[in-house]
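> Pasting coords.txt below, which is compact mmCIF, C-alpha atoms.
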# COMPACT_ATOMS: atom_id res chain seq x y z
CA MET D 1485 -10.90 191.02 40.44
CA THR D 1486 -9.76 194.41 39.14
CA PRO D 1487 -5.96 194.65 39.19
CA SER D 1488 -4.58 197.06 41.76
CA ALA D 1489 -3.06 200.31 40.56
CA HIS D 1490 -0.17 199.64 42.93
CA PRO D 1491 2.68 197.16 42.69
CA SER D 1492 2.22 193.84 44.48
CA LEU D 1493 4.94 194.85 46.94
CA TYR D 1494 6.29 198.31 47.67
CA VAL D 1495 9.23 198.44 50.10
CA ALA D 1496 8.76 201.53 52.27
CA PRO D 1497 11.88 203.39 53.45
CA SER D 1498 10.30 205.11 56.46
CA LEU D 1499 7.33 204.91 58.81
CA GLU D 1500 5.77 208.02 57.31
CA ASP D 1501 6.12 206.57 53.84
CA ALA D 1502 4.66 203.22 54.97
CA LEU D 1503 1.63 204.91 56.56
CA ASN D 1504 1.07 207.01 53.46
CA ALA D 1505 1.36 203.98 51.21
CA LEU D 1506 -1.06 201.96 53.34
CA ALA D 1507 -3.54 204.85 53.40
CA GLU D 1508 -3.34 205.25 49.64
CA ARG D 1509 -3.95 201.55 49.09
CA GLY D 1510 -6.89 201.40 51.48
CA ALA D 1511 -8.55 197.99 51.59
CA ASP D 1512 -6.20 196.72 48.83
CA GLY D 1513 -3.15 197.27 51.00
CA ALA D 1514 -1.58 195.23 53.76
CA PRO D 1515 1.74 195.39 55.58
CA LEU D 1516 4.40 192.74 54.95
CA ALA D 1517 7.20 192.33 57.46
CA GLY D 1518 9.16 189.06 57.49
CA GLY D 1519 6.78 187.45 54.99
CA THR D 1520 6.93 184.02 56.61
CA TRP D 1521 3.13 183.77 56.91
CA ILE D 1522 2.02 185.84 53.92
CA MET D 1523 4.28 184.07 51.42
CA ARG D 1524 2.64 180.76 52.31
CA ALA D 1525 -0.86 182.01 51.47
CA PRO D 1526 -1.07 179.83 48.33
CA LEU D 1527 -0.46 176.70 50.42
CA ARG D 1528 -3.39 177.66 52.63
CA HIS D 1529 -5.49 178.32 49.50
CA GLU D 1530 -5.80 181.96 50.52
CA ALA D 1531 -5.67 184.97 48.21
CA LYS D 1532 -2.89 187.46 48.89
CA SER D 1533 -3.68 191.14 49.31
CA PRO D 1534 -3.22 192.96 46.00
CA ALA D 1535 -0.75 195.58 47.23
CA PHE D 1536 1.61 194.87 50.10
CA VAL D 1537 3.74 197.51 51.78
CA GLY D 1538 7.07 196.04 52.88
CA LEU D 1539 8.32 197.15 56.28
CA GLY D 1540 11.78 195.56 56.33
CA ARG D 1541 13.59 198.86 55.72
CA VAL D 1542 11.57 201.13 58.02
CA ALA D 1543 14.02 202.89 60.31
CA GLY D 1544 13.39 202.28 63.99
CA PHE D 1545 11.30 199.16 63.50
CA GLY D 1546 14.23 197.01 64.59
CA ARG D 1547 14.97 198.72 67.91
CA ILE D 1548 14.96 197.00 71.30
CA GLU D 1549 15.15 199.18 74.42
CA VAL D 1550 15.53 197.47 77.79
CA HIS D 1551 14.72 199.83 80.69
CA ASP D 1552 14.54 199.11 84.42
CA ASP D 1553 10.75 198.85 84.48
CA HIS D 1554 9.79 198.10 80.89
CA VAL D 1555 11.06 197.00 77.53
CA ILE D 1556 10.20 198.48 74.13
CA ILE D 1557 10.34 196.16 71.14
CA GLY D 1558 10.03 197.46 67.60
CA ALA D 1559 7.56 195.64 65.39
CA GLY D 1560 10.33 194.73 62.95
CA VAL D 1561 12.49 192.94 65.53
CA THR D 1562 12.99 189.35 64.48
CA HIS D 1563 12.53 186.40 66.80
CA ALA D 1564 16.26 185.67 66.61
CA ARG D 1565 17.25 189.20 67.62
CA LEU D 1566 14.70 189.28 70.42
CA ALA D 1567 15.93 185.99 71.87
CA GLU D 1568 19.52 187.20 71.76
CA ALA D 1569 18.72 190.59 73.29
CA LEU D 1570 16.76 189.09 76.23
CA ARG D 1571 19.04 186.13 76.84
CA ASP D 1572 20.41 187.32 80.18
CA ILE D 1573 17.37 189.14 81.60
CA PRO D 1574 15.79 186.93 84.30
CA ASP D 1575 12.24 188.33 84.28
CA LEU D 1576 12.00 188.10 80.50
CA GLN D 1577 13.10 184.49 80.11
CA GLY D 1578 9.59 183.42 79.10
CA LEU D 1579 9.60 185.86 76.20
CA ALA D 1580 13.20 184.96 75.32
CA ALA D 1581 12.26 181.27 75.20
CA ALA D 1582 9.17 182.01 73.11
CA ALA D 1583 11.30 183.89 70.59
CA GLY D 1584 14.24 181.49 70.66
CA ARG D 1585 12.42 178.17 70.34
CA SER D 1586 9.77 179.01 67.74
CA ALA D 1587 9.96 177.58 64.21
CA ASN D 1588 13.56 177.05 63.06
CA PRO D 1589 16.68 179.26 62.90
CA ALA D 1590 16.12 180.65 59.40
CA VAL D 1591 12.47 181.47 60.08
CA ARG D 1592 13.42 183.05 63.41
CA ARG D 1593 15.82 185.31 61.49
CA ALA D 1594 12.97 186.51 59.27
CA ALA D 1595 9.74 186.38 61.30
CA THR D 1596 9.04 189.56 63.24
CA VAL D 1597 7.33 190.51 66.48
CA GLY D 1598 4.80 192.62 64.60
CA GLY D 1599 3.97 189.83 62.20
CA ASN D 1600 3.53 187.36 65.03
CA LEU D 1601 1.06 189.64 66.83
CA CYS D 1602 -0.84 190.82 63.75
CA THR D 1603 -1.45 187.49 62.03
CA ALA D 1604 -5.00 186.77 63.12
CA GLY D 1605 -5.05 183.39 61.39
CA PHE D 1606 -1.99 182.08 63.24
CA ALA D 1607 -3.20 180.47 66.45
CA ALA D 1608 0.20 178.98 67.35
CA ALA D 1609 2.06 182.30 67.64
CA ASP D 1610 4.56 181.85 70.48
CA LEU D 1611 5.08 185.51 71.35
CA VAL D 1612 1.41 186.23 72.06
CA PRO D 1613 0.97 184.22 75.29
CA ALA D 1614 4.46 185.24 76.47
CA LEU D 1615 3.60 188.92 76.01
CA LEU D 1616 0.15 188.49 77.60
CA CYS D 1617 1.94 187.35 80.76
CA LEU D 1618 4.00 190.55 80.68
CA GLU D 1619 0.82 192.65 80.36
CA ALA D 1620 2.12 194.09 77.12
CA GLU D 1621 0.68 197.01 75.23
CA VAL D 1622 1.01 197.78 71.54
CA GLU D 1623 1.25 201.05 69.67
CA ILE D 1624 -0.83 201.40 66.54
CA ALA D 1625 0.12 204.22 64.20
CA SER D 1626 -1.87 205.80 61.40
CA ARG D 1627 -1.70 209.13 59.61
CA ALA D 1628 -4.10 210.43 62.27
CA GLY D 1629 -1.72 209.65 65.14
CA VAL D 1630 -0.68 206.94 67.55
CA GLN D 1631 -2.99 204.78 69.65
CA ARG D 1632 -1.91 202.56 72.54
CA LEU D 1633 -3.88 199.40 73.32
CA SER D 1634 -3.48 196.52 75.70
CA LEU D 1635 -2.40 193.42 73.83
CA GLU D 1636 -5.68 191.76 74.82
CA ALA D 1637 -7.70 194.63 73.31
CA PHE D 1638 -5.56 194.49 70.19
CA LEU D 1639 -6.10 190.75 69.78
CA ALA D 1640 -9.85 191.31 69.97
CA ALA D 1641 -9.75 194.12 67.40
CA ARG D 1642 -6.92 193.15 65.04
CA ALA D 1643 -9.02 191.42 62.39
CA THR D 1644 -11.26 194.46 62.01
CA LEU D 1645 -8.78 197.32 62.27
CA GLU D 1646 -9.32 199.97 59.62
CA PRO D 1647 -6.90 200.00 56.67
CA GLY D 1648 -3.89 202.27 57.04
CA ARG D 1649 -3.05 201.27 60.61
CA LEU D 1650 0.24 199.75 61.57
CA LEU D 1651 1.53 198.11 64.74
CA THR D 1652 4.82 199.89 65.35
CA GLN D 1653 6.06 198.72 68.73
CA VAL D 1654 5.35 196.69 71.84
CA HIS D 1655 5.75 197.82 75.45
CA ALA D 1656 6.12 195.09 78.06
CA LEU D 1657 6.44 195.54 81.81
CA ARG D 1658 9.45 194.38 83.77
CA SER D 1659 9.19 193.30 87.38
CA SER D 1660 10.69 190.97 89.98
CA ALA D 1661 8.56 188.16 88.54
CA ARG D 1662 10.15 185.18 86.85
CA SER D 1663 8.69 183.86 83.62
CA ALA D 1664 8.72 180.62 81.65
CA HIS D 1665 7.35 179.37 78.35
CA ALA D 1666 6.31 175.73 77.85
CA ARG D 1667 5.32 174.47 74.40
CA LEU D 1668 4.59 171.14 72.82
CA PRO D 1669 5.55 170.72 69.16
CA LEU D 1670 4.94 167.31 67.59
CA ARG D 1671 8.65 166.97 66.91
CA LYS D 1672 11.25 168.21 69.36
CA ALA D 1673 11.71 171.38 67.34
CA GLY D 1674 10.73 172.99 64.06
CA ASP D 1675 6.97 172.32 64.16
CA TYR D 1676 4.18 174.55 65.32
CA PRO D 1677 3.31 173.87 68.94
CA VAL D 1678 0.12 171.93 69.60
CA ALA D 1679 -0.31 173.95 72.79
CA ILE D 1680 1.59 176.70 74.57
CA LEU D 1681 1.51 177.79 78.22
CA SER D 1682 3.38 180.90 79.34
CA MET D 1683 3.70 181.90 82.97
CA ALA D 1684 5.04 184.85 84.99
CA VAL D 1685 5.11 184.47 88.76
CA MET D 1686 6.08 186.89 91.52
CA ARG D 1687 6.90 185.42 94.95
CA ASP D 1688 7.47 186.95 98.38
CA ASP D 1689 10.52 186.33 100.53
CA ALA D 1690 8.91 183.18 101.96
CA GLY D 1691 8.43 181.78 98.47
CA ARG D 1692 4.65 182.23 98.39
CA VAL D 1693 3.15 183.29 95.10
CA VAL D 1694 1.83 186.85 95.36
CA ARG D 1695 0.98 187.28 91.71
CA ALA D 1696 0.65 184.85 88.83
CA ARG D 1697 0.04 185.46 85.15
CA VAL D 1698 -0.73 182.50 82.92
CA ALA D 1699 -1.60 182.58 79.23
CA VAL D 1700 -2.43 179.77 76.84
CA GLY D 1701 -1.75 179.79 73.11
CA SER D 1702 -2.48 177.48 70.19
CA VAL D 1703 -5.29 175.67 72.04
CA GLU D 1704 -8.03 178.06 70.91
CA ALA D 1705 -8.02 180.33 67.88
CA VAL D 1706 -6.68 183.27 69.89
CA ALA D 1707 -4.34 183.10 72.88
CA ARG D 1708 -5.77 184.26 76.21
CA ARG D 1709 -5.01 184.55 79.89
CA TRP D 1710 -6.10 181.75 82.25
CA PRO D 1711 -7.39 183.68 85.32
CA ALA D 1712 -8.68 180.60 87.16
CA LEU D 1713 -5.25 178.95 87.12
CA GLU D 1714 -3.64 182.25 88.09
CA ALA D 1715 -5.93 182.35 91.15
CA ALA D 1716 -5.19 178.74 92.00
CA LEU D 1717 -1.44 179.37 91.91
CA THR D 1718 -1.62 182.51 94.07
CA GLY D 1719 -1.07 182.12 97.81
CA PRO D 1720 0.89 178.92 98.44
CA PRO D 1721 4.50 178.30 97.43
CA LEU D 1722 5.06 177.36 93.82
CA ASP D 1723 4.83 173.61 93.28
CA ALA D 1724 4.86 171.74 89.97
CA ALA D 1725 2.61 168.86 91.04
CA SER D 1726 0.04 171.24 92.55
CA ALA D 1727 0.05 173.33 89.37
CA GLU D 1728 -0.55 170.21 87.29
CA ARG D 1729 -3.46 169.16 89.50
CA ALA D 1730 -5.03 172.62 89.36
CA ALA D 1731 -4.62 172.77 85.59
CA THR D 1732 -6.24 169.33 85.30
CA ASP D 1733 -9.24 170.54 87.28
CA LEU D 1734 -9.56 173.75 85.27
CA ALA D 1735 -8.63 172.68 81.73
CA GLY D 1736 -12.28 172.18 80.84
CA GLU D 1737 -12.51 175.95 80.47
CA PHE D 1738 -10.82 175.63 77.09
CA ASP D 1739 -12.49 174.58 73.86
CA GLY D 1740 -9.63 173.15 71.80
CA ARG D 1741 -9.50 174.01 68.12
CA GLU D 1742 -9.50 171.18 65.61
CA GLY D 1743 -6.50 171.01 63.26
CA VAL D 1744 -4.64 168.69 60.93
CA ASP D 1745 -1.79 168.54 63.44
CA ALA D 1746 -3.90 167.69 66.49
CA PRO D 1747 -7.54 167.34 67.55
CA GLY D 1748 -9.02 169.88 69.93
CA TRP D 1749 -9.28 167.51 72.90
CA TYR D 1750 -5.57 166.72 72.72
CA ARG D 1751 -4.56 170.39 72.89
CA VAL D 1752 -6.59 170.72 76.09
CA ALA D 1753 -5.35 167.41 77.50
CA VAL D 1754 -1.69 168.45 77.40
CA LEU D 1755 -2.21 171.72 79.30
CA PRO D 1756 -1.65 170.21 82.78
CA ALA D 1757 1.71 168.79 81.68
CA LEU D 1758 2.69 172.17 80.24
CA ALA D 1759 1.67 173.87 83.50
CA ARG D 1760 3.89 171.42 85.39
CA ARG D 1761 6.81 172.06 83.04
CA ALA D 1762 6.43 175.84 83.23
CA VAL D 1763 6.43 175.78 87.02
CA ALA D 1764 9.36 173.36 87.10
CA ALA D 1765 11.33 175.80 84.95
CA LEU D 1766 10.73 178.50 87.57
CA LEU D 1767 11.87 176.46 90.59
CA MET G 27 9.75 197.67 38.96
CA PRO G 28 13.13 195.92 38.51
CA THR G 29 15.02 194.67 41.56
CA ASP G 30 18.79 195.14 41.69
CA MET G 31 20.96 192.86 43.79
CA THR G 32 24.36 191.24 43.85
CA VAL G 33 24.31 187.50 43.27
CA ASN G 34 27.51 185.55 43.80
CA GLY G 35 29.53 188.72 43.36
CA GLU G 36 27.82 189.87 40.14
CA ALA G 37 25.37 192.74 39.79
CA ARG G 38 22.03 191.30 38.66
CA THR G 39 18.61 192.76 37.98
CA SER G 40 15.37 190.86 38.21
CA ALA G 41 12.43 191.89 36.10
CA ARG G 42 10.03 189.63 37.96
CA ASP G 43 7.06 190.83 40.02
CA PRO G 44 8.38 192.14 43.39
CA LEU G 45 6.43 189.56 45.38
CA THR G 46 8.02 186.66 43.48
CA PRO G 47 9.86 184.31 45.84
CA LEU G 48 13.61 184.81 45.58
CA ILE G 49 14.06 181.08 44.92
CA ASP G 50 12.10 181.40 41.67
CA VAL G 51 14.16 184.37 40.52
CA LEU G 52 17.41 182.54 41.28
CA ARG G 53 16.37 179.39 39.48
CA ASP G 54 14.13 180.54 36.62
CA GLU G 55 15.58 183.95 35.79
CA PHE G 56 19.24 183.61 36.81
CA HIS G 57 19.45 179.85 36.12
CA LEU G 58 21.11 179.12 39.45
CA THR G 59 19.44 175.81 40.22
CA GLY G 60 21.45 174.75 43.27
CA ALA G 61 18.90 175.95 45.81
CA LYS G 62 15.80 173.75 45.68
CA PRO G 63 12.14 174.73 46.10
CA VAL G 64 10.83 171.75 48.04
CA CYS G 65 8.32 172.57 50.77
CA ARG G 66 7.86 176.29 50.03
CA GLU G 67 6.95 176.66 53.69
CA GLY G 68 10.28 177.54 55.28
CA PHE G 69 10.38 174.18 57.04
CA CYS G 70 12.74 172.07 54.93
CA GLY G 71 15.60 174.51 54.28
CA ALA G 72 16.47 173.16 50.82
CA CYS G 73 16.12 176.69 49.38
CA THR G 74 18.53 178.27 51.87
CA VAL G 75 20.83 180.96 50.48
CA LEU G 76 22.82 183.69 52.19
CA VAL G 77 21.30 187.17 52.06
CA ASP G 78 23.73 189.75 53.42
CA GLY G 79 25.53 186.86 55.06
CA GLU G 80 22.50 185.37 56.84
CA PRO G 81 20.99 181.97 55.94
CA THR G 82 17.61 182.81 54.44
CA VAL G 83 14.77 180.63 53.23
CA SER G 84 14.47 181.99 49.71
CA CYS G 85 11.03 180.43 49.23
CA LEU G 86 9.54 182.90 51.74
CA THR G 87 11.57 185.94 50.70
CA PRO G 88 9.94 188.26 48.16
CA VAL G 89 12.58 189.27 45.64
CA ALA G 90 11.95 192.95 46.39
CA MET G 91 13.05 192.32 49.99
CA ALA G 92 16.41 191.17 48.61
CA GLY G 93 16.80 194.40 46.66
CA ASP G 94 20.28 195.95 47.05
CA CYS G 95 21.34 192.89 49.05
CA ASP G 96 24.28 190.56 48.60
CA VAL G 97 22.96 187.10 47.75
CA VAL G 98 25.19 184.02 47.79
CA THR G 99 23.95 180.68 46.52
CA ILE G 100 25.66 177.31 46.70
CA GLU G 101 27.16 178.02 43.26
CA GLY G 102 28.97 181.07 44.64
CA LEU G 103 30.06 179.74 48.00
CA SER G 104 33.63 179.14 46.91
CA SER G 105 35.73 180.25 43.95
CA CYS G 106 38.47 177.70 44.61
CA GLY G 107 37.08 174.19 44.95
CA LEU G 108 35.19 172.67 47.82
CA THR G 109 34.94 174.36 51.20
CA ASP G 110 35.89 172.55 54.40
CA ILE G 111 32.34 171.44 55.14
CA GLN G 112 31.78 170.31 51.54
CA SER G 113 34.99 168.27 51.65
CA ARG G 114 34.03 166.65 54.96
CA LEU G 115 30.57 165.81 53.67
CA GLU G 116 32.12 164.19 50.60
CA GLN G 117 34.78 162.31 52.58
CA GLY G 118 32.15 161.09 55.06
CA ASP G 119 29.93 159.84 52.22
CA ALA G 120 27.16 161.96 53.71
CA VAL G 121 25.43 162.89 50.46
CA GLN G 122 22.54 160.62 49.58
CA CYS G 123 19.90 161.97 47.19
CA GLY G 124 21.42 165.44 47.43
CA MET G 125 18.15 167.39 47.46
CA CYS G 126 18.77 168.94 50.87
CA PHE G 127 22.48 169.49 50.49
CA PRO G 128 22.68 172.98 49.01
CA GLY G 129 20.66 174.20 51.97
CA MET G 130 22.56 172.05 54.45
CA VAL G 131 25.87 173.44 53.22
CA MET G 132 24.70 177.06 53.37
CA THR G 133 23.34 176.64 56.88
CA LEU G 134 26.40 174.79 58.15
CA SER G 135 28.83 177.22 56.50
CA HIS G 136 27.25 180.12 58.37
CA PHE G 137 26.93 178.13 61.58
CA LEU G 138 30.54 176.95 61.61
CA ALA G 139 31.77 180.46 60.79
CA HIS G 140 30.00 181.78 63.88
CA THR G 141 30.41 178.74 66.16
CA PRO G 142 33.95 177.50 65.61
CA GLN G 143 33.86 174.68 68.21
CA PRO G 144 30.26 173.43 68.43
CA ASN G 145 29.11 170.35 70.30
CA ARG G 146 26.76 167.77 68.83
CA ASP G 147 23.64 169.33 70.31
CA GLU G 148 24.53 172.72 68.89
CA VAL G 149 25.00 171.24 65.42
CA ARG G 150 21.67 169.45 65.65
CA ALA G 151 19.94 172.63 66.82
CA ALA G 152 21.47 174.59 63.94
CA LEU G 153 20.04 172.05 61.49
CA THR G 154 16.50 172.23 62.90
CA GLY G 155 15.31 173.94 59.74
CA ASN G 156 17.10 171.66 57.28
CA ILE G 157 15.30 168.41 56.63
CA CYS G 158 17.03 165.42 55.00
CA ARG G 159 14.40 163.18 53.46
CA CYS G 160 16.95 160.36 53.34
CA THR G 161 17.32 160.81 57.12
CA GLY G 162 21.10 160.88 56.85
CA TYR G 163 21.57 163.26 59.71
CA GLU G 164 24.27 161.45 61.65
CA ARG G 165 26.84 161.65 58.86
CA ILE G 166 25.96 165.30 58.28
CA VAL G 167 26.42 166.08 61.97
CA GLU G 168 29.68 164.09 61.99
CA ALA G 169 30.97 166.11 59.03
CA ALA G 170 30.24 169.38 60.83
CA LEU G 171 31.98 168.11 63.97
CA ALA G 172 34.92 166.95 61.84
CA VAL G 173 35.35 170.47 60.46
CA ALA G 174 35.43 171.79 64.02
CA GLY G 175 37.81 168.99 65.05
CA GLY G 176 40.10 169.76 62.14
CA ARG G 177 40.31 173.37 63.23
CA ALA G 178 41.24 172.31 66.75
CA GLU G 179 43.94 170.02 65.34
CA GLY G 180 45.30 172.86 63.26
CA ARG G 181 45.75 175.01 66.32
CA ARG G 182 47.82 172.43 68.21
For this file, write the structure as structure tokens.

Amino acid sequence: MTPSAHPSLYVAPSLEDALNALAERGADGAPLAGGTWIMRAPLRHEAKSPAFVGLGRVAGFGRIEVHDDHVIIGAGVTHARLAEALRDIPDLQGLAAAAGRSANPAVRRAATVGGNLCTAGFAAADLVPALLCLEAEVEIASRAGVQRLSLEAFLAARATLEPGRLLTQVHALRSSARSAHARLPLRKAGDYPVAILSMAVMRDDAGRVVRARVAVGSVEAVARRWPALEAALTGPPLDAASAERAATDLAGEFDGREGVDAPGWYRVAVLPALARRAVAALL
Amino acid sequence: MPTDMTVNGEARTSARDPLTPLIDVLRDEFHLTGAKPVCREGFCGACTVLVDGEPTVSCLTPVAMAGDCDVVTIEGLSSCGLTDIQSRLEQGDAVQCGMCFPGMVMTLSHFLAHTPQPNRDEVRAALTGNICRCTGYERIVEAALAVAGGRAEGRR
């Protein structure tokens, strides 16, 4: 491989500078935020990109804005900061739990929202299903301008985005819904979750579910919504045992990924229990 | 491109490649061998140092990201003998093989500074990212609680 003309890591001081640096590096370049995935590339027997552009000092990347109807989260916000900022916001408890229970404290202080969403090889990313339930959108910047995509569209396109593009922030909707995040690591904490189920549920005054959003992570290669379970939950009052039964009936829709931590069938088999736990957290 | 930083109160410059893990710069270039590279995955915590006051897994931190930062390793934690948590760990005979202890001490020092009166569950949660291969967790947790207990005694 021909050595890159650029340093292995350039720490950009601003968004404009980061976009210029990524454009100059083209296919050789890649953004580096917290580094918690990229720095482990040798352990996965993967080659690192030749010329990273560090984002840790980009002004504005660390901002969190909580508005009445939406929240804006900068791509450089760490899991620890996100969990702290959302701690007392009822409708965002699913996202707060996703940020606050992932990995371990030191990794949560380094790993960023942008890194979690952009790492196509990381199936067990906690924030992805939590943000899918909040119908999040992402902003992608390049020297040509800013593009806004639904998170689902971004997940489908992220591995093939042209060089020079950068996820800069996330917009998530707020509502009267309540949200929860259920995950199953092999140990009580610190491990990647075998499976993740996030849920956001809106109920009427009688307690009946008028809208449900459910997303599953870590079971397949990319997290996705679970529309059939959403439909099954909508209408009657929320009930943990009913949710578990519905999830049992519908879990065959998933094709669990094989991994050293767990076989594919096991990831699917635990989904009903996670559905029960998520609902129980909302009652 | 050289990376300037402050390490244990001294201005230092690393000449290593900017993507080099900070742990390797600390150990191989600055000869500060307290922090240990064990898992290199951010899971075990043996490489934990303070970067601008925050416990940081130095195995996953490119040295360039520590540029212009204040880095404190176990060697620089105290200029006047053992700290409270170090003394309690020694008195409680908590140290076994010692591999995890530089990281344990850095994590607990930060935790106890920010959580003066923790309960047992909070101590255990704080140590989620610090693995003791000798499995000597109970004495470590007891030492942290003893520091907190000692503070409470001092206020009476």
> With a distance cut-off of 12 Å and only C-alpha atoms, select the neighbouring residues of Gly162 in chain G, excluding the residue or stretch itself and same-chain residues fewer than 2 positions from it, and output the selection as a VMD selection string.
chain G and resid 115 118 to 127 130 156 to 160 164 to 169
> What is the distance between CA of Leu138 in chain G and CA of Val77 in chain G, in Å to one decimal?
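Atom-to-atom, CA of Leu138 in chain G to CA of Val77 in chain G, that is 16.8 Å.
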> Using only C-alpha atoms, which protein or nucleic acid residues come within 10 Å of range 1641-1644 of chain D? Drop anything in the same chain fewer than 6 positions from it, and give the result as a list of chain:residue names.
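What passes the distance filter is D:Leu1601, D:Cys1602, D:Thr1603, D:Ala1604, D:Gly1605, D:Leu1633, D:Leu1635, D:Leu1651.
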> Kindly provide, as a JSON list (two decimals) with C-alpha atoms, in the coordinates of the input, the residues of chain G having any atom no farther than 12 Å from an atom of chain D, counting all atoms listed in the file.

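The resulting file, result-v1.json, is shown below:
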[["chain", "number", "residue", "atom", "x", "y", "z"],
["G", 27, "MET", "CA", 9.75, 197.67, 38.96],
["G", 28, "PRO", "CA", 13.13, 195.92, 38.51],
["G", 29, "THR", "CA", 15.02, 194.67, 41.56],
["G", 42, "ARG", "CA", 10.03, 189.63, 37.96],
["G", 43, "ASP", "CA", 7.06, 190.83, 40.02],
["G", 44, "PRO", "CA", 8.38, 192.14, 43.39],
["G", 45, "LEU", "CA", 6.43, 189.56, 45.38],
["G", 46, "THR", "CA", 8.02, 186.66, 43.48],
["G", 47, "PRO", "CA", 9.86, 184.31, 45.84],
["G", 48, "LEU", "CA", 13.61, 184.81, 45.58],
["G", 65, "CYS", "CA", 8.32, 172.57, 50.77],
["G", 66, "ARG", "CA", 7.86, 176.29, 50.03],
["G", 67, "GLU", "CA", 6.95, 176.66, 53.69],
["G", 68, "GLY", "CA", 10.28, 177.54, 55.28],
["G", 69, "PHE", "CA", 10.38, 174.18, 57.04],
["G", 70, "CYS", "CA", 12.74, 172.07, 54.93],
["G", 71, "GLY", "CA", 15.60, 174.51, 54.28],
["G", 72, "ALA", "CA", 16.47, 173.16, 50.82],
["G", 73, "CYS", "CA", 16.12, 176.69, 49.38],
["G", 74, "THR", "CA", 18.53, 178.27, 51.87],
["G", 75, "VAL", "CA", 20.83, 180.96, 50.48],
["G", 76, "LEU", "CA", 22.82, 183.69, 52.19],
["G", 77, "VAL", "CA", 21.30, 187.17, 52.06],
["G", 79, "GLY", "CA", 25.53, 186.86, 55.06],
["G", 80, "GLU", "CA", 22.50, 185.37, 56.84],
["G", 81, "PRO", "CA", 20.99, 181.97, 55.94],
["G", 82, "THR", "CA", 17.61, 182.81, 54.44],
["G", 83, "VAL", "CA", 14.77, 180.63, 53.23],
["G", 84, "SER", "CA", 14.47, 181.99, 49.71],
["G", 85, "CYS", "CA", 11.03, 180.43, 49.23],
["G", 86, "LEU", "CA", 9.54, 182.90, 51.74],
["G", 87, "THR", "CA", 11.57, 185.94, 50.70],
["G", 88, "PRO", "CA", 9.94, 188.26, 48.16],
["G", 89, "VAL", "CA", 12.58, 189.27, 45.64],
["G", 90, "ALA", "CA", 11.95, 192.95, 46.39],
["G", 91, "MET", "CA", 13.05, 192.32, 49.99],
["G", 92, "ALA", "CA", 16.41, 191.17, 48.61],
["G", 93, "GLY", "CA", 16.80, 194.40, 46.66],
["G", 94, "ASP", "CA", 20.28, 195.95, 47.05],
["G", 95, "CYS", "CA", 21.34, 192.89, 49.05],
["G", 129, "GLY", "CA", 20.66, 174.20, 51.97],
["G", 130, "MET", "CA", 22.56, 172.05, 54.45],
["G", 132, "MET", "CA", 24.70, 177.06, 53.37],
["G", 133, "THR", "CA", 23.34, 176.64, 56.88],
["G", 134, "LEU", "CA", 26.40, 174.79, 58.15],
["G", 136, "HIS", "CA", 27.25, 180.12, 58.37],
["G", 137, "PHE", "CA", 26.93, 178.13, 61.58],
["G", 148, "GLU", "CA", 24.53, 172.72, 68.89],
["G", 149, "VAL", "CA", 25.00, 171.24, 65.42],
["G", 150, "ARG", "CA", 21.67, 169.45, 65.65],
["G", 151, "ALA", "CA", 19.94, 172.63, 66.82],
["G", 152, "ALA", "CA", 21.47, 174.59, 63.94],
["G", 153, "LEU", "CA", 20.04, 172.05, 61.49],
["G", 154, "THR", "CA", 16.50, 172.23, 62.90],
["G", 155, "GLY", "CA", 15.31, 173.94, 59.74],
["G", 156, "ASN", "CA", 17.10, 171.66, 57.28],
["G", 157, "ILE", "CA", 15.30, 168.41, 56.63]]
> Suppose you want the space between CA of Ser1663 in chain D and CA of Asp1575 in chain D; what is it in Å?
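Value for the CA of Ser1663 in chain D-CA of Asp1575 in chain D distance: 5.7 Å.
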> What is the distance between CA of Glu1737 in chain D and CA of Ala1583 in chain D, in Å to one decimal?
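Computed distance, CA of Glu1737 in chain D to CA of Ala1583 in chain D, equals 27.0 Å.
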> Which of these residues is nearest to Asn145 in chain G, using all atoms listed in the file: G:Glu116, G:Gly175, G:Val131, G:Ile100?
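With all atoms listed in the file as the atom set, the closest residue is G:Gly175.
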> Using all atoms listed in the file for the distances, tell me which of G:Val33, G:Ala170, G:Val64, G:Ile49 is nearest to Leu103 in chain G.
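Closest candidate: G:Val33.
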> Please tell me which residues are no farther than 12 Å from (23.9, 194.1, 38.7) in the file, counting all atoms listed in the file, and write them as a list in words.
Pro28, Thr29, Asp30, Met31, Thr32, Val33, Asn34, Gly35, Glu36, Ala37, Arg38, Thr39, Ser40, Ala41, Phe56, Gly93, Asp94, Cys95, Asp96 and Val97 of chain G
> Tell me which of D:Asp1501, D:Glu1568, D:Glu1742, D:Asp1553 sits closest to Ala1656 in chain D, counting only C-alpha atoms.
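Among the listed residues, the smallest separation from Ala1656 in chain D belongs to D:Asp1553.
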